[in-house]
file coords-v2.tsv (TSV, C-alpha atoms)
chain	number	residue	atom	x	y	z
A	510	MET	CA	40.07	-187.35	137.87
A	511	GLY	CA	43.55	-187.12	136.36
A	512	PHE	CA	45.23	-184.03	135.00
A	513	SER	CA	47.70	-183.56	132.17
A	514	HIS	CA	51.31	-184.38	132.97
A	515	ILE	CA	53.44	-181.35	133.66
A	516	PHE	CA	57.08	-180.68	134.44
A	517	LEU	CA	57.64	-180.21	138.17
A	518	ARG	CA	61.30	-179.37	138.65
A	519	ASN	CA	62.34	-181.87	136.01
A	520	LYS	CA	60.09	-184.69	137.27
A	521	THR	CA	57.04	-185.75	135.36
A	522	LYS	CA	54.00	-186.68	137.48
A	523	GLU	CA	50.29	-186.15	137.88
A	524	ALA	CA	49.76	-182.71	139.41
A	525	THR	CA	47.00	-180.94	141.31
A	526	PRO	CA	45.61	-177.59	140.12
A	527	VAL	CA	47.50	-175.80	142.90
A	528	GLU	CA	50.79	-177.45	141.90
A	529	ILE	CA	50.28	-176.56	138.25
A	530	VAL	CA	49.68	-172.89	139.07
A	531	ARG	CA	52.71	-172.72	141.37
A	532	GLU	CA	54.99	-174.35	138.83
A	533	THR	CA	53.60	-172.07	136.12
A	534	GLN	CA	54.37	-169.08	138.28
A	535	ARG	CA	57.94	-170.33	138.87
A	536	LEU	CA	58.49	-170.71	135.13
A	537	LEU	CA	57.01	-167.27	134.45
A	538	LEU	CA	59.33	-165.74	137.03
A	539	HIS	CA	62.27	-167.44	135.33
A	540	ILE	CA	61.27	-166.17	131.89
A	541	SER	CA	60.44	-162.65	133.09
A	542	SER	CA	63.75	-162.27	134.95
A	543	ASP	CA	65.67	-163.54	131.94
A	544	HIS	CA	63.70	-161.20	129.65
A	545	GLY	CA	64.71	-158.28	131.82
A	546	LEU	CA	68.43	-158.83	131.26
A	547	LYS	CA	69.96	-156.74	128.51
A	548	GLN	CA	71.79	-158.58	125.79
A	549	GLU	CA	75.07	-156.82	126.61
A	550	GLU	CA	74.80	-157.85	130.26
A	551	LYS	CA	74.47	-161.54	129.52
A	552	LYS	CA	75.74	-163.49	126.58
A	553	LYS	CA	73.62	-166.57	126.15
A	554	THR	CA	75.53	-169.82	125.87
A	555	GLU	CA	74.24	-172.88	124.09
A	556	ALA	CA	73.31	-174.31	127.47
A	557	ASP	CA	71.34	-171.15	128.30
A	558	LEU	CA	69.41	-171.37	125.06
A	559	LYS	CA	68.69	-175.05	125.63
A	560	GLN	CA	67.43	-174.33	129.16
A	561	GLU	CA	65.31	-171.44	127.87
A	562	LYS	CA	63.74	-173.66	125.24
A	563	LYS	CA	63.02	-176.34	127.83
A	564	ALA	CA	61.41	-173.80	130.17
A	565	ALA	CA	59.26	-172.42	127.35
A	566	ALA	CA	58.09	-175.93	126.43
A	567	ALA	CA	57.31	-176.71	130.07
A	568	LEU	CA	55.40	-173.44	130.41
A	569	ALA	CA	53.35	-174.11	127.26
A	570	ASN	CA	52.55	-177.59	128.64
A	571	ASN	CA	51.46	-176.12	131.97
A	572	ILE	CA	49.23	-173.52	130.34
A	573	ARG	CA	47.64	-176.28	128.27
A	574	ALA	CA	47.03	-178.19	131.52
A	575	LEU	CA	45.42	-175.11	133.08
A	576	LYS	CA	43.14	-174.85	130.07
A	577	SER	CA	42.15	-178.52	130.40
A	578	ILE	CA	41.18	-177.98	134.03
A	579	ALA	CA	39.25	-174.79	133.27
A	580	TYR	CA	37.38	-176.07	130.20
A	581	GLY	CA	37.74	-179.85	130.27
A	582	ASN	CA	39.01	-181.79	127.27
A	583	ASP	CA	38.19	-184.84	125.13
A	584	GLU	CA	38.68	-187.17	128.10
A	585	PHE	CA	36.86	-185.33	130.90
A	586	SER	CA	34.65	-182.34	131.62
A	587	ALA	CA	35.66	-179.45	133.85
A	588	VAL	CA	35.12	-180.24	137.55
A	589	SER	CA	33.89	-177.46	139.83
A	590	ARG	CA	36.18	-178.29	142.74
A	591	ALA	CA	39.28	-178.35	140.55
A	592	CYS	CA	38.25	-175.09	138.86
A	593	ALA	CA	37.74	-173.48	142.26
A	594	GLN	CA	41.20	-174.58	143.44
A	595	LEU	CA	42.71	-173.33	140.22
A	596	THR	CA	40.98	-169.94	140.47
A	597	GLU	CA	41.94	-169.42	144.12
A	598	GLU	CA	45.59	-170.21	143.52
A	599	PHE	CA	45.79	-168.25	140.27
A	600	PHE	CA	44.59	-165.03	141.91
A	601	ARG	CA	46.34	-165.61	145.24
A	602	GLU	CA	49.53	-163.92	144.11
A	603	ASN	CA	50.79	-162.35	140.89
A	604	THR	CA	50.38	-165.14	138.34
A	605	LEU	CA	48.13	-163.02	136.10
A	606	LEU	CA	50.56	-160.11	136.13
A	607	LEU	CA	53.49	-162.40	135.25
A	608	LEU	CA	51.49	-164.04	132.48
A	609	ILE	CA	50.69	-160.65	130.92
A	610	VAL	CA	54.36	-159.59	131.08
A	611	CYS	CA	55.59	-162.89	129.59
A	612	LEU	CA	52.88	-163.31	126.97
A	613	PRO	CA	55.03	-161.98	124.07
A	614	LYS	CA	57.66	-164.65	124.88
A	615	LEU	CA	55.20	-167.52	124.41
A	616	THR	CA	54.40	-169.38	121.20
A	617	SER	CA	51.23	-168.31	119.39
A	618	GLU	CA	49.45	-171.47	120.54
A	619	ALA	CA	50.45	-170.88	124.17
A	620	GLN	CA	49.29	-167.26	123.86
A	621	ARG	CA	45.86	-168.43	122.68
A	622	ASP	CA	45.65	-170.97	125.50
A	623	ALA	CA	46.72	-168.37	128.07
A	624	THR	CA	44.15	-165.87	126.83
A	625	GLN	CA	41.38	-168.48	127.09
A	626	VAL	CA	42.48	-169.52	130.59
A	627	VAL	CA	42.45	-165.92	131.81
A	628	ALA	CA	39.02	-165.25	130.28
A	629	ASN	CA	37.62	-168.36	132.02
A	630	LEU	CA	39.12	-167.72	135.45
A	631	LEU	CA	38.08	-164.07	135.46
A	632	ARG	CA	34.42	-165.07	135.45
A	633	HIS	CA	34.70	-168.10	137.74
A	634	LYS	CA	33.02	-167.93	141.16
A	635	VAL	CA	34.36	-169.67	144.27
A	636	GLN	CA	31.67	-170.17	146.90
A	637	SER	CA	29.66	-167.33	145.31
A	638	ARG	CA	32.67	-164.99	145.48
A	639	LEU	CA	34.09	-163.39	142.37
A	640	ILE	CA	37.71	-163.69	143.42
A	641	ALA	CA	38.90	-162.07	140.20
A	642	SER	CA	36.92	-158.90	140.95
A	643	GLU	CA	38.56	-158.58	144.36
A	644	TYR	CA	41.97	-159.23	142.82
A	645	LEU	CA	41.56	-156.59	140.10
A	646	GLU	CA	40.39	-154.01	142.61
A	647	LYS	CA	43.64	-154.45	144.57
A	648	ASN	CA	45.95	-154.92	141.56
A	649	THR	CA	45.13	-152.14	139.13
A	650	ASP	CA	48.64	-152.39	137.67
A	651	VAL	CA	47.30	-155.40	135.76
A	652	LEU	CA	44.80	-153.12	134.04
A	653	ASP	CA	47.51	-150.52	133.37
A	654	LEU	CA	49.57	-153.16	131.55
A	655	LEU	CA	46.62	-154.43	129.52
A	656	VAL	CA	45.54	-150.94	128.43
A	657	ALA	CA	49.07	-150.16	127.27
A	658	GLY	CA	49.28	-153.56	125.57
A	659	CYS	CA	46.21	-152.81	123.46
A	660	GLY	CA	48.42	-150.52	121.39
A	661	ASN	CA	51.10	-153.16	120.88
A	662	MET	CA	51.21	-154.08	117.20
A	663	ASP	CA	52.08	-157.71	117.90
A	664	MET	CA	50.00	-158.39	121.02
A	665	ALA	CA	46.97	-156.06	120.82
A	666	ILE	CA	44.46	-158.83	120.06
A	667	GLN	CA	45.52	-161.01	123.01
A	668	TYR	CA	45.75	-158.12	125.45
A	669	GLY	CA	42.46	-156.70	124.20
A	670	GLU	CA	40.67	-159.98	124.79
A	671	MET	CA	42.09	-160.21	128.31
A	672	LEU	CA	41.16	-156.60	129.08
A	673	ARG	CA	37.56	-157.07	127.91
A	674	ALA	CA	37.29	-160.11	130.18
A	675	CYS	CA	38.50	-157.91	133.06
A	676	LEU	CA	36.01	-155.16	132.16
A	677	ARG	CA	33.12	-157.50	132.88
A	678	HIS	CA	33.91	-156.65	136.49
A	679	GLN	CA	32.52	-153.25	137.43
A	680	SER	CA	35.51	-152.39	139.62
A	681	ALA	CA	37.87	-152.85	136.65
A	682	ALA	CA	35.65	-150.87	134.29
A	683	ARG	CA	35.35	-148.06	136.84
A	684	TYR	CA	39.14	-147.86	137.21
A	685	VAL	CA	39.70	-147.56	133.45
A	686	LEU	CA	36.84	-145.09	132.94
A	687	GLU	CA	38.00	-142.92	135.82
A	688	SER	CA	41.52	-142.76	134.37
A	689	PRO	CA	41.13	-140.27	131.49
A	690	ALA	CA	44.60	-141.09	130.18
A	691	HIS	CA	43.57	-144.75	129.77
A	692	LEU	CA	40.30	-143.97	128.06
A	693	LYS	CA	41.90	-141.45	125.72
A	694	LYS	CA	44.37	-144.13	124.61
A	695	PHE	CA	41.49	-146.00	122.97
A	696	PHE	CA	40.53	-142.88	121.01
A	697	ASP	CA	44.10	-143.00	119.68
A	698	TYR	CA	44.17	-146.77	119.10
A	699	ILE	CA	40.98	-146.65	117.00
A	700	GLN	CA	42.67	-144.16	114.68
A	701	LEU	CA	45.72	-146.36	114.06
A	702	ARG	CA	46.29	-147.55	110.50
A	703	TYR	CA	46.61	-151.14	111.68
A	704	PHE	CA	43.13	-152.56	111.15
A	705	ASP	CA	43.44	-155.37	113.72
A	706	ILE	CA	44.47	-152.99	116.49
A	707	ALA	CA	41.85	-150.38	115.54
A	708	SER	CA	38.97	-152.87	115.34
A	709	ASP	CA	39.97	-154.52	118.62
A	710	ALA	CA	40.18	-151.11	120.30
A	711	ALA	CA	36.67	-150.33	119.02
A	712	LEU	CA	35.40	-153.53	120.67
A	713	THR	CA	37.03	-152.57	123.96
A	714	LEU	CA	35.69	-149.02	123.87
A	715	LYS	CA	32.19	-150.36	123.24
A	716	GLU	CA	32.59	-152.75	126.18
A	717	LEU	CA	33.66	-149.87	128.42
A	718	LEU	CA	30.75	-147.65	127.41
A	719	THR	CA	27.90	-150.17	127.23
A	720	ARG	CA	28.61	-153.09	129.58
A	721	HIS	CA	27.71	-151.48	132.93
A	722	ARG	CA	25.00	-149.27	131.56
A	723	TYR	CA	22.64	-149.13	134.53
A	724	SER	CA	24.92	-147.27	136.93
A	725	LEU	CA	28.57	-146.85	136.03
A	726	VAL	CA	28.32	-145.59	132.43
A	727	PRO	CA	25.55	-142.96	132.93
A	728	GLU	CA	27.43	-141.65	135.97
A	729	PHE	CA	30.70	-141.50	134.04
A	730	LEU	CA	29.19	-139.77	131.00
A	731	SER	CA	27.39	-137.19	133.15
A	732	LYS	CA	30.51	-136.31	135.17
A	733	ASN	CA	32.85	-136.28	132.18
A	734	TYR	CA	30.48	-135.01	129.51
A	735	GLU	CA	32.50	-132.00	128.34
A	736	TRP	CA	35.92	-133.53	127.70
A	737	PHE	CA	34.54	-136.91	126.63
A	738	PHE	CA	32.23	-135.67	123.87
A	739	THR	CA	34.65	-132.94	122.80
A	740	ASP	CA	37.26	-135.64	122.14
A	741	PHE	CA	34.74	-138.18	120.83
A	742	ASN	CA	33.40	-135.69	118.29
A	743	SER	CA	36.68	-134.21	117.10
A	744	LYS	CA	38.86	-137.34	117.11
A	745	LEU	CA	36.36	-139.99	116.08
A	746	LEU	CA	33.13	-138.66	114.52
A	747	GLU	CA	34.97	-136.01	112.48
A	748	SER	CA	37.89	-138.25	111.58
A	749	SER	CA	38.98	-138.42	107.94
A	750	ASP	CA	39.25	-142.20	108.30
A	751	TYR	CA	36.20	-144.21	107.23
A	752	PHE	CA	36.68	-147.01	109.75
A	753	THR	CA	36.99	-144.55	112.64
A	754	ARG	CA	33.85	-142.64	111.60
A	755	ILE	CA	31.69	-145.74	111.20
A	756	GLN	CA	32.77	-147.23	114.54
A	757	ALA	CA	32.20	-143.91	116.32
A	758	THR	CA	28.78	-143.33	114.72
A	759	LYS	CA	27.69	-146.83	115.66
A	760	LEU	CA	28.89	-146.42	119.25
A	761	LEU	CA	27.24	-143.00	119.58
A	762	GLY	CA	23.93	-144.58	118.61
A	763	HIS	CA	24.38	-147.34	121.19
A	764	MET	CA	25.06	-144.79	123.93
A	765	LEU	CA	22.33	-142.26	123.13
A	766	LEU	CA	19.56	-144.78	122.38
A	767	ASP	CA	20.09	-146.59	125.69
A	768	HIS	CA	17.35	-145.46	128.09
A	769	SER	CA	19.86	-145.53	130.97
A	770	ASN	CA	21.66	-142.62	129.28
A	771	SER	CA	18.53	-140.51	128.76
A	772	ALA	CA	19.93	-137.49	130.64
A	773	VAL	CA	23.13	-137.59	128.58
A	774	MET	CA	21.12	-138.02	125.37
A	775	GLU	CA	18.99	-134.95	126.16
A	776	ARG	CA	22.11	-132.91	126.74
A	777	TYR	CA	23.77	-134.14	123.54
A	778	VAL	CA	20.79	-133.39	121.29
A	779	SER	CA	20.47	-129.89	122.74
A	780	SER	CA	23.79	-128.87	121.21
A	781	ARG	CA	23.94	-126.99	117.91
A	782	ASN	CA	27.51	-128.21	117.32
A	783	ASN	CA	26.52	-131.83	117.84
A	784	LEU	CA	23.66	-131.35	115.37
A	785	ARG	CA	26.09	-129.92	112.82
A	786	ILE	CA	28.38	-132.95	113.17
A	787	VAL	CA	25.53	-135.45	112.81
A	788	MET	CA	24.08	-133.62	109.81
A	789	ASN	CA	27.49	-133.79	108.15
A	790	LEU	CA	27.50	-137.54	108.78
A	791	LEU	CA	24.13	-137.73	107.00
A	792	ARG	CA	25.99	-136.48	103.92
A	793	ASP	CA	28.81	-139.03	104.26
A	794	SER	CA	29.84	-140.89	101.11
A	795	SER	CA	29.20	-144.17	102.95
A	796	LYS	CA	25.56	-145.25	103.00
A	797	CYS	CA	26.28	-147.37	106.07
A	798	ILE	CA	27.46	-144.29	107.98
A	799	ARG	CA	24.45	-142.29	106.75
A	800	ILE	CA	22.05	-144.94	108.08
A	801	LYS	CA	23.79	-145.06	111.47
A	802	ALA	CA	23.87	-141.24	111.61
A	803	PHE	CA	20.12	-141.16	110.95
A	804	ARG	CA	19.55	-143.20	114.13
A	805	VAL	CA	21.16	-140.32	116.04
A	806	PHE	CA	19.63	-137.51	113.96
A	807	LYS	CA	16.09	-138.70	114.71
A	808	LEU	CA	16.78	-137.95	118.39
A	809	PHE	CA	17.40	-134.27	117.52
A	810	ALA	CA	14.16	-134.20	115.53
A	811	ALA	CA	12.15	-135.89	118.29
A	812	ASN	CA	13.47	-133.62	121.04
A	813	GLN	CA	10.54	-131.50	122.26
A	814	ASN	CA	12.84	-129.28	124.34
A	815	ARG	CA	14.96	-127.99	121.46
A	816	PRO	CA	17.01	-124.88	122.20
A	817	SER	CA	16.41	-122.00	119.81
A	818	ASP	CA	19.80	-122.36	118.09
A	819	VAL	CA	19.04	-126.02	117.27
A	820	ILE	CA	15.64	-125.00	115.86
A	821	THR	CA	17.36	-122.29	113.79
A	822	VAL	CA	19.70	-124.84	112.18
A	823	LEU	CA	16.89	-127.30	111.44
A	824	VAL	CA	14.65	-124.58	109.94
A	825	ALA	CA	17.48	-123.17	107.83
A	826	ASN	CA	18.14	-126.64	106.40
A	827	ARG	CA	14.50	-127.77	106.27
A	828	SER	CA	14.19	-128.00	102.48
A	829	LYS	CA	17.50	-129.86	102.09
A	830	LEU	CA	16.67	-132.25	104.89
A	831	LEU	CA	13.22	-133.05	103.51
A	832	ARG	CA	14.63	-133.69	100.01
A	833	PHE	CA	17.36	-135.87	101.45
A	834	LEU	CA	14.97	-137.89	103.61
A	835	ALA	CA	12.48	-138.37	100.76
A	836	ASP	CA	15.17	-140.15	98.73
A	837	PHE	CA	16.86	-141.89	101.68
A	838	LYS	CA	16.42	-145.67	101.44
A	839	THR	CA	17.94	-148.75	103.01
A	840	ASP	CA	19.20	-151.61	100.87
A	841	ILE	CA	16.41	-153.89	102.06
A	842	GLU	CA	12.83	-153.00	102.92
A	843	ASP	CA	12.63	-151.88	106.55
A	844	GLU	CA	9.25	-150.85	107.93
A	845	CYS	CA	10.70	-149.47	111.17
A	846	PHE	CA	13.17	-147.30	109.27
A	847	GLU	CA	10.42	-145.96	107.01
A	848	ALA	CA	8.19	-145.23	110.01
A	849	ASP	CA	11.03	-143.40	111.79
A	850	LYS	CA	11.80	-141.42	108.65
A	851	ALA	CA	8.18	-140.40	108.22
A	852	GLN	CA	8.03	-139.20	111.83
A	853	VAL	CA	11.27	-137.22	111.46
A	854	MET	CA	9.94	-135.53	108.30
A	855	LYS	CA	6.73	-134.70	110.12
A	856	GLU	CA	8.69	-133.10	112.98
A	857	ILE	CA	10.81	-131.05	110.57
A	858	VAL	CA	7.77	-129.82	108.62
A	859	ALA	CA	6.13	-128.71	111.87
A	860	LEU	CA	9.14	-126.70	113.08
A	861	ASP	CA	8.34	-123.09	113.98
A	862	PRO	CA	11.30	-120.68	114.13
A	863	ARG	CA	9.40	-118.67	116.71
A	864	ASP	CA	9.62	-121.56	119.22
A	865	GLN	CA	11.69	-120.62	122.24
A	866	SER	CA	14.12	-122.73	124.20
A	867	HIS	CA	12.62	-124.77	127.04
A	868	GLU	CA	15.88	-124.70	128.94

call {"tool": "encode", "arguments": {"input": "coords-v2.tsv", "output": "structure tokens"}}
result
Amino acid sequence: MGFSHIFLRNKTKEATPVEIVRETQRLLLHISSDHGLKQEEKKKTEADLKQEKKAAAALANNIRALKSIAYGNDEFSAVSRACAQLTEEFFRENTLLLLIVCLPKLTSEAQRDATQVVANLLRHKVQSRLIASEYLEKNTDVLDLLVAGCGNMDMAIQYGEMLRACLRHQSAARYVLESPAHLKKFFDYIQLRYFDIASDAALTLKELLTRHRYSLVPEFLSKNYEWFFTDFNSKLLESSDYFTRIQATKLLGHMLLDHSNSAVMERYVSSRNNLRIVMNLLRDSSKCIRIKAFRVFKLFAANQNRPSDVITVLVANRSKLLRFLADFKTDIEDECFEADKAQVMKEIVALDPRDQSHE
């Protein structure tokens, strides 16, 4: 099988996957070292600019060759042995780190190709080993760079896609979750006025909080319940921004309705303050938010171990809630929604203010 031609120290020839990665790394080192020089320290001559342009073209060609090996192209399909060689060499040293640092210097097409190459290699196994997982566990600075990059106005989409590919590995997700400063950045990113950055950050936050839901996420939410939901409620659910509220309400439903998070759900729906926030979302001007809030509210109504202060709030608002629910409709007929609504109304009607907490 032949590979795309690449530039190997100014000589064009057929190259192996290992050679392509090594030459790519050399070019990345050249670009990153040049990028680190301040303009006042080095005045670029015409020859410098010409050499820089040549290196950028060679790098784009190499990245395209890496993509052809990883995915195949019109002439040939991806070959397992070549992909394995490519993956081993790519994660042997710091090629990924250099690629992340140099990504803003690449053309938009090369950026797209690089993002696709990284996503492919991160999930590729070599003799049943997930080399990428081992690499990320030892090189957490890669994750630090990607998290910071998700707030970059020009590069957030590319860095976000790379980070989500990394987060498929539990070791990477654990590192980000266990770094409160990293996680809190996404609460900030979602609130940014730049829609592309905010929506991409919402995707990444969902990946962090739902991907590894059978062990990592329930453990994280239990250990970090207080600060996490304090920030989640105040910064996201109670935000004045529509996009932030709808993304947060949707994510809250995903977390609490997942059976793996049952202990966290029981704790959340036992809070009077949480009930107040969700009831306010039921009054939101957006019908979409109201519907998503109802998915969470029904958990409060179904909770058979309600604390007395939660019962007090529900009883005090019983008439308003029943009137609201009687008129609450979805845009299309939904039997499940109607059944849930009927059950919630039944629970509210049956509330007895004399019930005591089962805590």

call {"tool": "closest_residue", "arguments": {"input": "coords-v2.tsv", "among": "A:Ile609, A:Ala623, A:Val656, A:Val635", "to": "A:Glu597", "atoms": "only C-alpha atoms"}}
result
A:Val635

call {"tool": "atom_distance", "arguments": {"input": "coords-v2.tsv", "atom1": "atom CA of A:Ser541", "atom2": "atom CA of A:Cys611"}}
result
6.0 Å

call {"tool": "residues_around", "arguments": {"input": "coords-v2.tsv", "residues": "A:Lys850", "least_positions_apart": "3", "cutoff": "9 Å", "atoms": "all atoms listed in the file", "output": "JSON, numbers by chain"}}
result
{"A": [803, 807, 834, 835, 837, 845, 846, 847, 853, 854, 855]}

call {"tool": "closest_residue", "arguments": {"input": "coords-v2.tsv", "among": "A:Ala710, A:Ala565, A:Leu860, A:Leu538", "to": "A:Leu692", "atoms": "all atoms listed in the file"}}
result
A:Ala710

call {"tool": "residues_near_point", "arguments": {"input": "coords-v2.tsv", "point": "(32.8, -144.6, 129.7)", "cutoff": "10 Å", "atoms": "only C-alpha atoms", "output": "PyMOL selection string"}}
result
chain A and resi 682-683+685-687+689+692+714-722+725-731+733-734+737+764

call {"tool": "residues_around", "arguments": {"input": "coords-v2.tsv", "residues": "A:Lys759", "least_positions_apart": "4", "cutoff": "8 Å", "atoms": "all atoms listed in the file", "output": "ChimeraX atom specification"}}
result
/A:755,763,801-802

call {"tool": "atom_distance", "arguments": {"input": "coords-v2.tsv", "atom1": "atom CA of A:His678", "atom2": "atom CA of A:Asn770"}}
result
20.0 Å

call {"tool": "atom_distance", "arguments": {"input": "coords-v2.tsv", "atom1": "atom CA of A:Ile572", "atom2": "atom CA of A:Thr554"}}
result
26.9 Å

call {"tool": "closest_residue", "arguments": {"input": "coords-v2.tsv", "among": "A:Lys796, A:Arg815, A:His539, A:Lys744", "to": "A:Val778", "atoms": "only C-alpha atoms"}}
result
A:Arg815

call {"tool": "closest_residue", "arguments": {"input": "coords-v2.tsv", "among": "A:Cys797, A:Cys592, A:Met774, A:Val627", "to": "A:Arg754", "atoms": "only C-alpha atoms"}}
result
A:Cys797

call {"tool": "closest_residue", "arguments": {"input": "coords-v2.tsv", "among": "A:Leu676, A:Leu595, A:Ile540, A:Leu808", "to": "A:Ser771", "atoms": "all atoms listed in the file"}}
result
A:Leu808
